[in-house]
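J.: This is start39.cif (mmCIF, C-alpha atoms).
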data_target
#
loop_
_atom_site.group_PDB
_atom_site.id
_atom_site.type_symbol
_atom_site.label_atom_id
_atom_site.label_comp_id
_atom_site.auth_asym_id
_atom_site.auth_seq_id
_atom_site.Cartn_x
_atom_site.Cartn_y
_atom_site.Cartn_z
ATOM 1 C CA MET A 1 -10.806 8.271 19.312
ATOM 2 C CA PRO A 2 -14.421 7.293 18.766
ATOM 3 C CA SER A 3 -14.675 3.615 18.042
ATOM 4 C CA ASN A 4 -16.734 4.192 14.899
ATOM 5 C CA GLU A 5 -13.675 5.663 13.228
ATOM 6 C CA PHE A 6 -12.405 2.099 12.919
ATOM 7 C CA VAL A 7 -15.747 0.837 11.558
ATOM 8 C CA THR A 8 -15.786 -0.113 7.906
ATOM 9 C CA SER A 9 -18.532 -0.744 5.373
ATOM 10 C CA ARG A 10 -18.837 -1.498 1.697
ATOM 11 C CA GLU A 11 -18.914 2.129 0.668
ATOM 12 C CA ARG A 12 -18.522 3.217 -2.902
ATOM 13 C CA MET A 13 -14.762 3.417 -3.370
ATOM 14 C CA ASN A 14 -14.334 -0.078 -1.940
ATOM 15 C CA GLU A 15 -17.105 -1.401 -4.168
ATOM 16 C CA GLN A 16 -15.338 0.056 -7.195
ATOM 17 C CA TRP A 17 -11.966 -1.374 -6.210
ATOM 18 C CA ARG A 18 -13.243 -4.811 -5.286
ATOM 19 C CA SER A 19 -15.255 -5.137 -8.480
ATOM 20 C CA GLN A 20 -12.059 -4.595 -10.447
ATOM 21 C CA ARG A 21 -10.107 -7.106 -8.384
ATOM 22 C CA GLU A 22 -12.658 -9.804 -9.084
ATOM 23 C CA ARG A 23 -12.042 -9.623 -12.840
ATOM 24 C CA GLY A 24 -10.137 -12.643 -14.158
ATOM 25 C CA SER A 25 -10.320 -16.222 -13.025
ATOM 26 C CA ARG A 26 -8.797 -17.696 -9.888
ATOM 27 C CA SER A 27 -7.278 -20.451 -12.013
ATOM 28 C CA LEU A 28 -5.312 -17.877 -14.014
ATOM 29 C CA VAL A 29 -4.019 -16.304 -10.806
ATOM 30 C CA ARG A 30 -2.925 -19.699 -9.541
ATOM 31 C CA LEU A 31 -1.173 -20.341 -12.850
ATOM 32 C CA ILE A 32 0.790 -17.107 -12.573
ATOM 33 C CA ILE A 33 1.732 -17.958 -8.987
ATOM 34 C CA TRP A 34 2.918 -21.400 -10.051
ATOM 35 C CA LEU A 35 4.927 -19.939 -12.924
ATOM 36 C CA ALA A 36 6.446 -17.345 -10.601
ATOM 37 C CA LEU A 37 7.678 -20.043 -8.255
ATOM 38 C CA HIS A 38 8.817 -22.497 -10.925
ATOM 39 C CA SER A 39 9.657 -20.553 -14.081
ATOM 40 C CA GLY A 40 11.329 -17.403 -12.834
ATOM 41 C CA ARG A 41 10.500 -13.727 -12.715
ATOM 42 C CA ALA A 42 11.666 -12.857 -16.240
ATOM 43 C CA LEU A 43 9.185 -15.210 -17.922
ATOM 44 C CA CYS A 44 6.374 -14.081 -15.652
ATOM 45 C CA ARG A 45 6.958 -10.423 -16.495
ATOM 46 C CA VAL A 46 6.622 -11.328 -20.167
ATOM 47 C CA LEU A 47 3.293 -12.990 -19.381
ATOM 48 C CA LEU A 48 2.150 -9.852 -17.576
ATOM 49 C CA VAL A 49 2.170 -7.928 -20.862
ATOM 50 C CA PRO A 50 -0.898 -9.625 -22.436
ATOM 51 C CA ILE A 51 -2.612 -9.733 -19.042
ATOM 52 C CA CYS A 52 -2.213 -5.960 -18.615
ATOM 53 C CA ILE A 53 -3.376 -5.341 -22.182
ATOM 54 C CA TYR A 54 -6.472 -7.433 -21.419
ATOM 55 C CA PHE A 55 -7.242 -5.395 -18.319
ATOM 56 C CA LEU A 56 -6.602 -2.146 -20.153
ATOM 57 C CA LEU A 57 -9.188 -3.112 -22.764
ATOM 58 C CA THR A 58 -11.800 -4.710 -20.514
ATOM 59 C CA ALA A 59 -11.644 -2.777 -17.202
ATOM 60 C CA PRO A 60 -12.972 0.699 -18.078
ATOM 61 C CA LEU A 61 -13.127 1.950 -14.481
ATOM 62 C CA ALA A 62 -9.478 1.101 -13.813
ATOM 63 C CA ARG A 63 -8.462 2.576 -17.172
ATOM 64 C CA ARG A 64 -10.358 5.837 -16.663
ATOM 65 C CA SER A 65 -9.079 6.177 -13.104
ATOM 66 C CA SER A 66 -5.514 5.546 -14.248
ATOM 67 C CA LEU A 67 -5.748 8.107 -17.049
ATOM 68 C CA ALA A 68 -7.317 10.691 -14.722
ATOM 69 C CA PHE A 69 -4.624 10.264 -12.079
ATOM 70 C CA LEU A 70 -1.710 10.204 -14.526
ATOM 71 C CA SER A 71 -2.946 13.324 -16.315
ATOM 72 C CA ARG A 72 -2.751 15.177 -13.002
ATOM 73 C CA ALA A 73 0.545 13.665 -11.858
ATOM 74 C CA LEU A 74 2.359 13.989 -15.205
ATOM 75 C CA HIS A 75 1.111 17.547 -15.962
ATOM 76 C CA ARG A 76 -0.051 16.415 -19.396
ATOM 77 C CA ARG A 77 -2.803 14.378 -20.955
ATOM 78 C CA ALA A 78 -2.063 10.734 -20.205
ATOM 79 C CA THR A 79 -2.206 8.191 -23.026
ATOM 80 C CA TRP A 80 -3.214 4.542 -23.141
ATOM 81 C CA ARG A 81 0.494 3.749 -23.225
ATOM 82 C CA ASP A 82 0.886 5.561 -19.908
ATOM 83 C CA SER A 83 -2.035 3.605 -18.487
ATOM 84 C CA PHE A 84 -0.544 0.321 -19.693
ATOM 85 C CA MET A 85 2.719 1.151 -17.923
ATOM 86 C CA HIS A 86 0.712 2.041 -14.823
ATOM 87 C CA LEU A 87 -1.024 -1.357 -14.811
ATOM 88 C CA PHE A 88 2.228 -3.159 -15.634
ATOM 89 C CA VAL A 89 4.030 -1.637 -12.651
ATOM 90 C CA PHE A 90 1.098 -2.593 -10.433
ATOM 91 C CA ALA A 91 1.117 -6.167 -11.770
ATOM 92 C CA THR A 92 4.885 -6.380 -11.316
ATOM 93 C CA THR A 93 4.675 -5.427 -7.648
ATOM 94 C CA LEU A 94 1.949 -8.039 -7.139
ATOM 95 C CA LEU A 95 4.194 -10.616 -8.788
ATOM 96 C CA ASP A 96 7.096 -9.605 -6.584
ATOM 97 C CA ARG A 97 4.953 -10.246 -3.510
ATOM 98 C CA VAL A 98 5.162 -13.930 -4.386
ATOM 99 C CA TYR A 99 8.937 -13.825 -4.094
ATOM 100 C CA LEU A 100 8.925 -11.681 -0.974
ATOM 101 C CA VAL A 101 6.641 -14.013 0.974
ATOM 102 C CA ASN A 102 8.760 -16.953 -0.158
ATOM 103 C CA GLY A 103 11.843 -15.499 1.506
ATOM 104 C CA ARG A 104 13.566 -14.362 -1.689
ATOM 105 C CA GLN A 105 14.222 -10.761 -0.686
ATOM 106 C CA ARG A 106 17.877 -11.070 -1.686
ATOM 107 C CA GLU A 107 16.849 -11.272 -5.342
ATOM 108 C CA PHE A 108 15.942 -7.572 -5.180
ATOM 109 C CA LYS A 109 18.151 -4.541 -4.851
ATOM 110 C CA VAL A 110 16.553 -2.350 -2.202
ATOM 111 C CA GLU A 111 17.790 1.135 -1.400
ATOM 112 C CA VAL A 112 16.692 2.445 1.998
ATOM 113 C CA ASN A 113 16.555 6.205 2.422
ATOM 114 C CA ASN A 114 16.655 7.823 5.857
ATOM 115 C CA GLU A 115 16.826 4.469 7.647
ATOM 116 C CA PRO A 116 18.567 5.986 10.726
ATOM 117 C CA ALA A 117 15.420 8.026 11.447
ATOM 118 C CA PHE A 118 13.443 4.787 11.652
ATOM 119 C CA TRP A 119 15.811 3.046 14.054
ATOM 120 C CA GLN A 120 16.173 6.180 16.180
ATOM 121 C CA ALA A 121 12.395 6.284 16.544
ATOM 122 C CA LEU A 122 12.323 2.645 17.666
ATOM 123 C CA MET A 123 15.111 3.244 20.179
ATOM 124 C CA GLN A 124 12.751 5.476 22.152
ATOM 125 C CA GLY A 125 11.046 2.303 23.364
ATOM 126 C CA ARG A 126 7.511 3.355 22.439
ATOM 127 C CA GLY A 127 7.263 1.496 19.166
ATOM 128 C CA CYS A 128 6.815 3.330 15.887
ATOM 129 C CA LEU A 129 3.721 4.270 13.902
ATOM 130 C CA LEU A 130 4.305 4.204 10.137
ATOM 131 C CA LEU A 131 1.847 6.071 7.936
ATOM 132 C CA GLY A 132 1.937 4.403 4.546
ATOM 133 C CA SER A 133 -0.228 4.521 1.448
ATOM 134 C CA HIS A 134 -1.122 2.628 -1.701
ATOM 135 C CA LEU A 135 1.800 4.332 -3.401
ATOM 136 C CA GLY A 136 4.228 1.479 -3.934
ATOM 137 C CA SER A 137 4.479 -1.866 -2.156
ATOM 138 C CA PHE A 138 4.175 -1.988 1.625
ATOM 139 C CA GLU A 139 5.457 -5.592 1.545
ATOM 140 C CA MET A 140 8.944 -4.219 0.930
ATOM 141 C CA LEU A 141 9.103 -3.345 4.621
ATOM 142 C CA GLY A 142 9.757 -7.046 5.133
ATOM 143 C CA VAL A 143 13.293 -6.320 3.941
ATOM 144 C CA ILE A 144 13.752 -4.025 6.948
ATOM 145 C CA GLY A 145 12.051 -6.452 9.308
ATOM 146 C CA GLY A 146 14.067 -9.487 8.321
ATOM 147 C CA ALA A 147 14.446 -12.437 10.670
ATOM 148 C CA GLU A 148 17.965 -11.388 11.588
ATOM 149 C CA LYS A 149 16.636 -8.132 13.082
ATOM 150 C CA LYS A 150 13.664 -9.711 14.859
ATOM 151 C CA LEU A 151 11.521 -6.729 13.978
ATOM 152 C CA VAL A 152 7.772 -7.229 14.349
ATOM 153 C CA ILE A 153 5.629 -5.245 11.917
ATOM 154 C CA ASN A 154 1.846 -4.997 12.257
ATOM 155 C CA VAL A 155 -0.418 -3.446 9.633
ATOM 156 C CA VAL A 156 -3.907 -2.089 10.316
ATOM 157 C CA MET A 157 -6.013 -2.851 7.248
ATOM 158 C CA HIS A 158 -9.366 -3.950 5.954
ATOM 159 C CA LEU A 159 -9.157 -7.725 5.573
ATOM 160 C CA SER A 160 -10.578 -7.602 2.053
ATOM 161 C CA ASP A 161 -7.555 -5.535 1.000
ATOM 162 C CA SER A 162 -5.293 -8.506 1.709
ATOM 163 C CA GLU A 163 -7.535 -11.508 1.089
ATOM 164 C CA GLY A 164 -5.951 -12.426 -2.239
ATOM 165 C CA LEU A 165 -2.471 -12.354 -0.772
ATOM 166 C CA ARG A 166 -3.598 -14.312 2.271
ATOM 167 C CA ASP A 167 -4.986 -16.989 -0.044
ATOM 168 C CA LEU A 168 -1.619 -17.102 -1.763
ATOM 169 C CA ILE A 169 0.205 -17.506 1.529
ATOM 170 C CA SER A 170 -2.048 -20.257 2.850
ATOM 171 C CA SER A 171 -1.714 -22.243 -0.356
ATOM 172 C CA HIS A 172 2.075 -22.302 -0.140
ATOM 173 C CA GLY A 173 2.679 -22.512 3.601
ATOM 174 C CA HIS A 174 4.401 -19.133 4.010
ATOM 175 C CA GLU A 175 3.741 -16.040 6.083
ATOM 176 C CA LEU A 176 3.393 -12.358 5.313
ATOM 177 C CA PRO A 177 6.315 -10.130 6.348
ATOM 178 C CA TYR A 178 3.898 -8.462 8.763
ATOM 179 C CA LYS A 179 0.955 -9.282 11.018
ATOM 180 C CA ILE A 180 -2.519 -7.960 10.207
ATOM 181 C CA ILE A 181 -4.687 -6.036 12.673
ATOM 182 C CA PRO A 182 -8.190 -6.178 11.138
ATOM 183 C CA LEU A 183 -9.826 -2.805 10.716
ATOM 184 C CA GLY A 184 -13.275 -2.433 12.254
ATOM 185 C CA HIS A 185 -12.984 -4.969 15.070
ATOM 186 C CA PRO A 186 -13.921 -3.827 18.603
ATOM 187 C CA ASP A 187 -10.400 -4.523 19.864
ATOM 188 C CA SER A 188 -8.522 -2.900 16.950
ATOM 189 C CA MET A 189 -7.461 0.150 18.963
ATOM 190 C CA LEU A 190 -6.435 -1.996 21.931
ATOM 191 C CA ARG A 191 -4.279 -4.226 19.738
ATOM 192 C CA VAL A 192 -2.547 -1.190 18.252
ATOM 193 C CA LYS A 193 -1.731 0.104 21.737
ATOM 194 C CA GLU A 194 -0.453 -3.306 22.856
ATOM 195 C CA CYS A 195 1.820 -3.648 19.833
ATOM 196 C CA LEU A 196 3.350 -0.220 20.350
ATOM 197 C CA ALA A 197 3.767 -0.863 24.080
ATOM 198 C CA ARG A 198 5.875 -3.919 23.162
ATOM 199 C CA GLY A 199 8.096 -1.712 21.011
ATOM 200 C CA GLU A 200 6.725 -3.075 17.742
ATOM 201 C CA VAL A 201 5.977 -1.289 14.487
ATOM 202 C CA VAL A 202 2.398 -0.494 13.466
ATOM 203 C CA GLY A 203 1.679 0.550 9.902
ATOM 204 C CA ILE A 204 -1.482 2.210 8.602
ATOM 205 C CA LEU A 205 -2.240 2.764 4.923
ATOM 206 C CA ALA A 206 -3.716 6.205 5.459
ATOM 207 C CA ASP A 207 -4.719 7.238 1.941
ATOM 208 C CA ARG A 208 -8.125 5.512 1.757
ATOM 209 C CA VAL A 209 -11.428 6.314 3.460
ATOM 210 C CA TYR A 210 -13.490 3.470 4.918
ATOM 211 C CA GLY A 211 -17.097 3.495 6.020
ATOM 212 C CA ASP A 212 -18.302 6.425 8.098
ATOM 213 C CA GLU A 213 -14.876 7.758 9.047
ATOM 214 C CA ARG A 214 -14.635 11.491 9.541
ATOM 215 C CA THR A 215 -12.748 13.107 6.693
ATOM 216 C CA GLN A 216 -11.164 16.353 5.630
ATOM 217 C CA SER A 217 -11.004 17.716 2.095
ATOM 218 C CA LEU A 218 -7.513 18.831 1.062
ATOM 219 C CA PRO A 219 -5.917 19.785 -2.264
ATOM 220 C CA PHE A 220 -4.269 16.794 -3.929
ATOM 221 C CA LEU A 221 -2.756 17.073 -7.398
ATOM 222 C CA GLY A 222 -4.733 20.210 -8.105
ATOM 223 C CA CYS A 223 -8.189 19.156 -6.924
ATOM 224 C CA PRO A 224 -9.815 18.567 -3.504
ATOM 225 C CA ALA A 225 -9.826 14.971 -2.273
ATOM 226 C CA ARG A 226 -11.180 13.405 0.902
ATOM 227 C CA PHE A 227 -8.758 11.955 3.452
ATOM 228 C CA SER A 228 -9.506 10.146 6.685
ATOM 229 C CA LEU A 229 -8.801 11.963 9.945
ATOM 230 C CA SER A 230 -8.499 8.696 11.889
ATOM 231 C CA PRO A 231 -4.785 7.845 11.349
ATOM 232 C CA LEU A 232 -3.536 11.247 12.522
ATOM 233 C CA ARG A 233 -5.919 11.270 15.473
ATOM 234 C CA LEU A 234 -4.644 7.841 16.412
ATOM 235 C CA ALA A 235 -1.057 9.092 16.180
ATOM 236 C CA LYS A 236 -1.788 12.002 18.514
ATOM 237 C CA ILE A 237 -3.606 9.823 21.047
ATOM 238 C CA ILE A 238 -1.006 7.046 21.117
ATOM 239 C CA GLY A 239 1.991 9.345 21.416
ATOM 240 C CA ALA A 240 4.392 6.989 19.641
ATOM 241 C CA PRO A 241 6.998 8.273 17.164
ATOM 242 C CA VAL A 242 5.473 8.731 13.700
ATOM 243 C CA LEU A 243 7.105 8.421 10.284
ATOM 244 C CA MET A 244 5.749 8.234 6.761
ATOM 245 C CA VAL A 245 7.012 5.353 4.637
ATOM 246 C CA TYR A 246 6.948 4.361 0.963
ATOM 247 C CA GLY A 247 8.103 1.136 -0.744
ATOM 248 C CA LEU A 248 8.602 2.267 -4.340
ATOM 249 C CA PHE A 249 9.261 0.197 -7.455
ATOM 250 C CA ARG A 250 12.163 1.693 -9.433
ATOM 251 C CA GLY A 251 12.282 -0.709 -12.378
ATOM 252 C CA GLY A 252 13.902 -4.079 -12.960
ATOM 253 C CA ARG A 253 14.609 -5.619 -9.562
ATOM 254 C CA ARG A 254 15.107 -2.277 -7.840
ATOM 255 C CA TYR A 255 12.980 -0.895 -5.027
ATOM 256 C CA GLU A 256 13.350 2.094 -2.750
ATOM 257 C CA ILE A 257 12.138 2.260 0.843
ATOM 258 C CA ALA A 258 11.829 5.888 1.901
ATOM 259 C CA PHE A 259 11.217 7.018 5.482
ATOM 260 C CA GLU A 260 9.914 10.578 5.783
ATOM 261 C CA PRO A 261 9.768 12.380 9.150
ATOM 262 C CA MET A 262 6.639 14.468 9.670
ATOM 263 C CA THR A 263 7.531 18.109 10.173
ATOM 264 C CA GLU A 264 4.046 18.535 11.668
ATOM 265 C CA LEU A 265 1.681 15.852 12.903
ATOM 266 C CA THR A 266 -1.107 17.040 10.622
ATOM 267 C CA LEU A 267 -3.133 15.574 7.789
ATOM 268 C CA GLN A 268 -1.959 18.389 5.536
ATOM 269 C CA CYS A 269 1.681 17.367 6.064
ATOM 270 C CA TYR A 270 0.827 13.759 5.165
ATOM 271 C CA VAL A 271 -1.075 14.773 2.015
ATOM 272 C CA GLU A 272 1.589 17.208 0.810
ATOM 273 C CA THR A 273 4.281 14.547 1.149
ATOM 274 C CA LEU A 274 2.075 11.976 -0.582
ATOM 275 C CA GLU A 275 1.547 14.421 -3.449
ATOM 276 C CA ARG A 276 5.286 15.011 -3.891
ATOM 277 C CA LYS A 277 5.959 11.291 -3.969
ATOM 278 C CA ALA A 278 3.054 10.639 -6.336
ATOM 279 C CA ARG A 279 4.403 13.184 -8.807
ATOM 280 C CA ARG A 280 7.875 11.670 -8.613
ATOM 281 C CA PHE A 281 6.676 8.045 -8.860
ATOM 282 C CA PRO A 282 3.307 8.276 -10.649
ATOM 283 C CA TYR A 283 3.250 4.683 -11.897
ATOM 284 C CA ASN A 284 3.450 3.457 -8.292
ATOM 285 C CA TRP A 285 -0.037 4.821 -7.547
ATOM 286 C CA PHE A 286 -2.275 1.805 -6.863
ATOM 287 C CA ASN A 287 -5.670 3.382 -6.145
ATOM 288 C CA PHE A 288 -7.650 2.433 -9.240
ATOM 289 C CA TYR A 289 -10.907 4.261 -8.540
ATOM 290 C CA ASP A 290 -12.217 7.828 -8.681
ATOM 291 C CA TYR A 291 -9.958 9.246 -5.994
ATOM 292 C CA TRP A 292 -11.435 12.746 -6.185
ATOM 293 C CA SER A 293 -15.033 11.690 -5.666
ATOM 294 C CA VAL A 294 -16.588 13.615 -2.754
ATOM 295 C CA GLU A 295 -19.706 11.458 -2.431
#
Translate this structure into C-alpha cells?
T.:
Amino acid sequence: MPSNEFVTSRERMNEQWRSQRERGSRSLVRLIIWLALHSGRALCRVLLVPICIYFLLTAPLARRSSLAFLSRALHRRATWRDSFMHLFVFATTLLDRVYLVNGRQREFKVEVNNEPAFWQALMQGRGCLLLGSHLGSFEMLGVIGGAEKKLVINVVMHLSDSEGLRDLISSHGHELPYKIIPLGHPDSMLRVKECLARGEVVGILADRVYGDERTQSLPFLGCPARFSLSPLRLAKIIGAPVLMVYGLFRGGRRYEIAFEPMTELTLQCYVETLERKARRFPYNWFNFYDYWSVE
C-alpha cells in the first residue's frame, strides 16, 4: 500500500467535525465528568437533556447533518425530535465512555452476537483485523478484551478523533480499553503488521476519508458517498482474518456488540453491511457532517 494512503490532513469533513466538537467550554465537560464519577449515571443523563437541546439550537451543521441522515435512514422526513434523540444517544455513549475507562463495564448489559466467529479468527494465530465505523461505540470492545482474557486491542485512528477522551483518561489516571496507532505516521503500517504478527487485534474505523486517500463512490442510503479504499487494501495485503464489528447502544444500560463476517473482502460488502446496520440503528450514527459531499 502506498504510504500516502495513511497520510492525513485537515480536509473539509474533519474541519466540519472538529469545529462542532469545540463548541462548549472545557469546564462544562469537566463538570459532567466529575458528576458522572460522583453522582451516578441517572443524574448525568438528566443533565444531558438541556445540553442536547442547547446543541440542537446552536449547532446548525450538526443539526442539518443529523436531519439529512435520519431522513434517509428512517425513510421519512426527520423531525427536530428525531435529531434531539440522535444527539442524546451520541451524548449518552460519550458519557458511558467515562464508566468504561474507569473499569465499570459490569454496570452495563452487553449482548455479543457471533462472538465465536471472532475467537475462531484469533485462533488462526495471525491476529484479527476489525473493520469498525462511527456507528455505535467502539469502546464497547473493551468488554470483550477484559483483563481476564488478556486480549490486546489496537485501533488505527487520527489522534484528533480521540484527543478529548485521552484528556479525560490522563486527568483520572486510567487507560483506554485499547491502544492507539496514530494514523499518518511513517511507521503506522509497520506497527499494524507487528501487532497482527503477535496475534493481537487491530481495529480500523473505516467509514471516514482522511487527507488524500484514494476513494471509491458507492451507493449509501440512496445516494453516492465516498469511502476510503485504504482499509480493504490493507486487509488484502496483511492477510489476517477480517471481521466487521459494531458496538451499538440499545437503550438504558444495554449495548450490543455485533461481529459480521465479510462474505467478500470488498469495499462494497463493507458499505452494504454498514447501510443495513445504519437503517436498523439510525440513532447510533455519529458522523455529524455532510456525509454525501463529493468535494
J.: Quick one: which stretch 188-247 of chain A residues come within 12 Å of stretch 134-144 of chain A, and what is the nearest atom pair for each with the distance in Å to one decimal, counting only C-alpha atoms, rows ordered by chain and ascending number, as a Markdown table?
T.:
| residue | atom | partner | partner_atom | distance |
| --- | --- | --- | --- | --- |
| A:Val201 | CA | A:Leu141 | CA | 10.6 |
| A:Val202 | CA | A:Leu141 | CA | 11.5 |
| A:Gly203 | CA | A:Phe138 | CA | 9.0 |
| A:Ile204 | CA | A:Phe138 | CA | 9.9 |
| A:Leu205 | CA | A:His134 | CA | 6.7 |
| A:Ala206 | CA | A:His134 | CA | 8.4 |
| A:Asp207 | CA | A:His134 | CA | 6.9 |
| A:Arg208 | CA | A:His134 | CA | 8.3 |
| A:Met244 | CA | A:Phe138 | CA | 11.5 |
| A:Val245 | CA | A:Phe138 | CA | 8.4 |
| A:Tyr246 | CA | A:Gly136 | CA | 6.3 |
| A:Gly247 | CA | A:Ser137 | CA | 4.9 |
J.: Can you list, as number ranges by chain, the residues that the PyMOL selection byres ((chain A and resi 277) around 12) selects here?
T.: A: 73, 132-136, 220-221, 244-248, 256-260, 270-276, 278-285
J.: Next, write the just-selected residues to a file, as an mmCIF file, in the frame of the given file, keeping C-alpha atoms as the atom set.
T.:
data_model
loop_
_atom_site.group_PDB
_atom_site.id
_atom_site.type_symbol
_atom_site.label_atom_id
_atom_site.label_comp_id
_atom_site.auth_asym_id
_atom_site.auth_seq_id
_atom_site.Cartn_x
_atom_site.Cartn_y
_atom_site.Cartn_z
ATOM 1 C CA ALA A 73 0.545 13.665 -11.858
ATOM 2 C CA GLY A 132 1.937 4.403 4.546
ATOM 3 C CA SER A 133 -0.228 4.521 1.448
ATOM 4 C CA HIS A 134 -1.122 2.628 -1.701
ATOM 5 C CA LEU A 135 1.800 4.332 -3.401
ATOM 6 C CA GLY A 136 4.228 1.479 -3.934
ATOM 7 C CA PHE A 220 -4.269 16.794 -3.929
ATOM 8 C CA LEU A 221 -2.756 17.073 -7.398
ATOM 9 C CA MET A 244 5.749 8.234 6.761
ATOM 10 C CA VAL A 245 7.012 5.353 4.637
ATOM 11 C CA TYR A 246 6.948 4.361 0.963
ATOM 12 C CA GLY A 247 8.103 1.136 -0.744
ATOM 13 C CA LEU A 248 8.602 2.267 -4.340
ATOM 14 C CA GLU A 256 13.350 2.094 -2.750
ATOM 15 C CA ILE A 257 12.138 2.260 0.843
ATOM 16 C CA ALA A 258 11.829 5.888 1.901
ATOM 17 C CA PHE A 259 11.217 7.018 5.482
ATOM 18 C CA GLU A 260 9.914 10.578 5.783
ATOM 19 C CA TYR A 270 0.827 13.759 5.165
ATOM 20 C CA VAL A 271 -1.075 14.773 2.015
ATOM 21 C CA GLU A 272 1.589 17.208 0.810
ATOM 22 C CA THR A 273 4.281 14.547 1.149
ATOM 23 C CA LEU A 274 2.075 11.976 -0.582
ATOM 24 C CA GLU A 275 1.547 14.421 -3.449
ATOM 25 C CA ARG A 276 5.286 15.011 -3.891
ATOM 26 C CA ALA A 278 3.054 10.639 -6.336
ATOM 27 C CA ARG A 279 4.403 13.184 -8.807
ATOM 28 C CA ARG A 280 7.875 11.670 -8.613
ATOM 29 C CA PHE A 281 6.676 8.045 -8.860
ATOM 30 C CA PRO A 282 3.307 8.276 -10.649
ATOM 31 C CA TYR A 283 3.250 4.683 -11.897
ATOM 32 C CA ASN A 284 3.450 3.457 -8.292
ATOM 33 C CA TRP A 285 -0.037 4.821 -7.547
#
J.: Please expand the PyMOL selection byres ((chain A and resi 61) around 8) into the concrete residues it hits in this file, giving the result as a list in words.
T.: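 Evaluating the PyMOL selection byres ((chain A and resi 61) around 8) on these coordinates yields Gln16, Gln20, Ala59, Pro60, Ala62, Arg63, Arg64, Ser65, Phe288 and Tyr289 of chain A.
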J.: Keeping C-alpha atoms for every residue in the selection just given, could you write it to a file as an mmCIF file, in the coordinates of the input?
T.:
data_model
loop_
_atom_site.group_PDB
_atom_site.id
_atom_site.type_symbol
_atom_site.label_atom_id
_atom_site.label_comp_id
_atom_site.auth_asym_id
_atom_site.auth_seq_id
_atom_site.Cartn_x
_atom_site.Cartn_y
_atom_site.Cartn_z
ATOM 1 C CA GLN A 16 -15.338 0.056 -7.195
ATOM 2 C CA GLN A 20 -12.059 -4.595 -10.447
ATOM 3 C CA ALA A 59 -11.644 -2.777 -17.202
ATOM 4 C CA PRO A 60 -12.972 0.699 -18.078
ATOM 5 C CA ALA A 62 -9.478 1.101 -13.813
ATOM 6 C CA ARG A 63 -8.462 2.576 -17.172
ATOM 7 C CA ARG A 64 -10.358 5.837 -16.663
ATOM 8 C CA SER A 65 -9.079 6.177 -13.104
ATOM 9 C CA PHE A 288 -7.650 2.433 -9.240
ATOM 10 C CA TYR A 289 -10.907 4.261 -8.540
#
J.: With a distance cut-off of 10 Å and only C-alpha atoms, select the neighbouring residues of A:Arg253, excluding the residue or stretch itself and same-chain residues fewer than 2 positions from it, and output the selection as a list in words.
T.: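 Non-adjacent residues within range: Arg41, Thr92, Asp96, Glu107, Phe108, Lys109, Val110, Phe249, Arg250, Gly251 and Tyr255 of chain A.
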J.: List the residues sitting within 12 Å of (3.5, 18.6, 13.3) in the file's frame, using all atoms listed in the file, as a PyMOL selection string.
T.: chain A and resi 232+235-236+241-243+261-270
J.: Quick one: pull the distance between atom CA of A:Trp119 and atom CA of A:Glu200, Å, one decimal.
T.: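 Atom CA of A:Trp119 sits 11.6 Å away from atom CA of A:Glu200.
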J.: Pull out every residue that the PyMOL selection byres ((chain A and resi 152-155) around 10) matches in the shown coordinates and put them as a PyMOL selection string.
T.: chain A and resi 127-132+138+141-142+144-147+149-151+156-158+176-183+191-192+195-196+198-205
J.: Rounded to one decimal, what separation in Å do you get between atom CA of A:His185 and atom CA of A:Ala240?
T.: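 Rounded to one decimal, the two atoms are 21.6 Å apart.
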J.: Figure out the distance between atom CA of A:Val98 and atom CA of A:Ile33, please, to one decimal in Å.
T.: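 Pair atom CA of A:Ile33 / atom CA of A:Val98 returns 7.0 Å.
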J.: Please put the answer as JSON: centre and edge lengths, in Å with one decimal, of a box along x, y and z that encloses all listed atoms of stretch 126-130 of chain A plus 5 Å on each side.
T.:
{"center_x": 5.6, "center_y": 2.9, "center_z": 16.3, "size_x": 13.8, "size_y": 12.8, "size_z": 22.3}
J.: Quick one: residues within 7 Å of A:Val209, all atoms listed in the file, excluding same-chain residues fewer than 3 positions away - as a PyMOL selection string?
T.: chain A and resi 213+227-228
J.: Considering all atoms listed in the file, can you say which of A:Ser66, A:Asn287, A:Gln124, A:Ser230 comes closest to A:Ala197?
T.: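 Answer, going by the shortest atom-to-atom distance: A:Gln124.
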J.: Which is closest to A:Arg233 among A:Arg106, A:Leu87, A:Met189, A:Gly252, if we use only C-alpha atoms?
T.: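 Selected residue with least distance to A:Arg233: A:Met189.
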J.: Tell me which of A:Leu37, A:Ile237, A:Ala117, A:Val46 sits closest to A:Leu100, counting all atoms listed in the file.
T.: A:Leu37
J.: I'd like the contact shell of A:Cys223 - 10 Å cut-off, all atoms listed in the file, skipping same-chain residues fewer than 4 positions apart - returned as a PyMOL selection string.
T.: chain A and resi 72+217-219+292
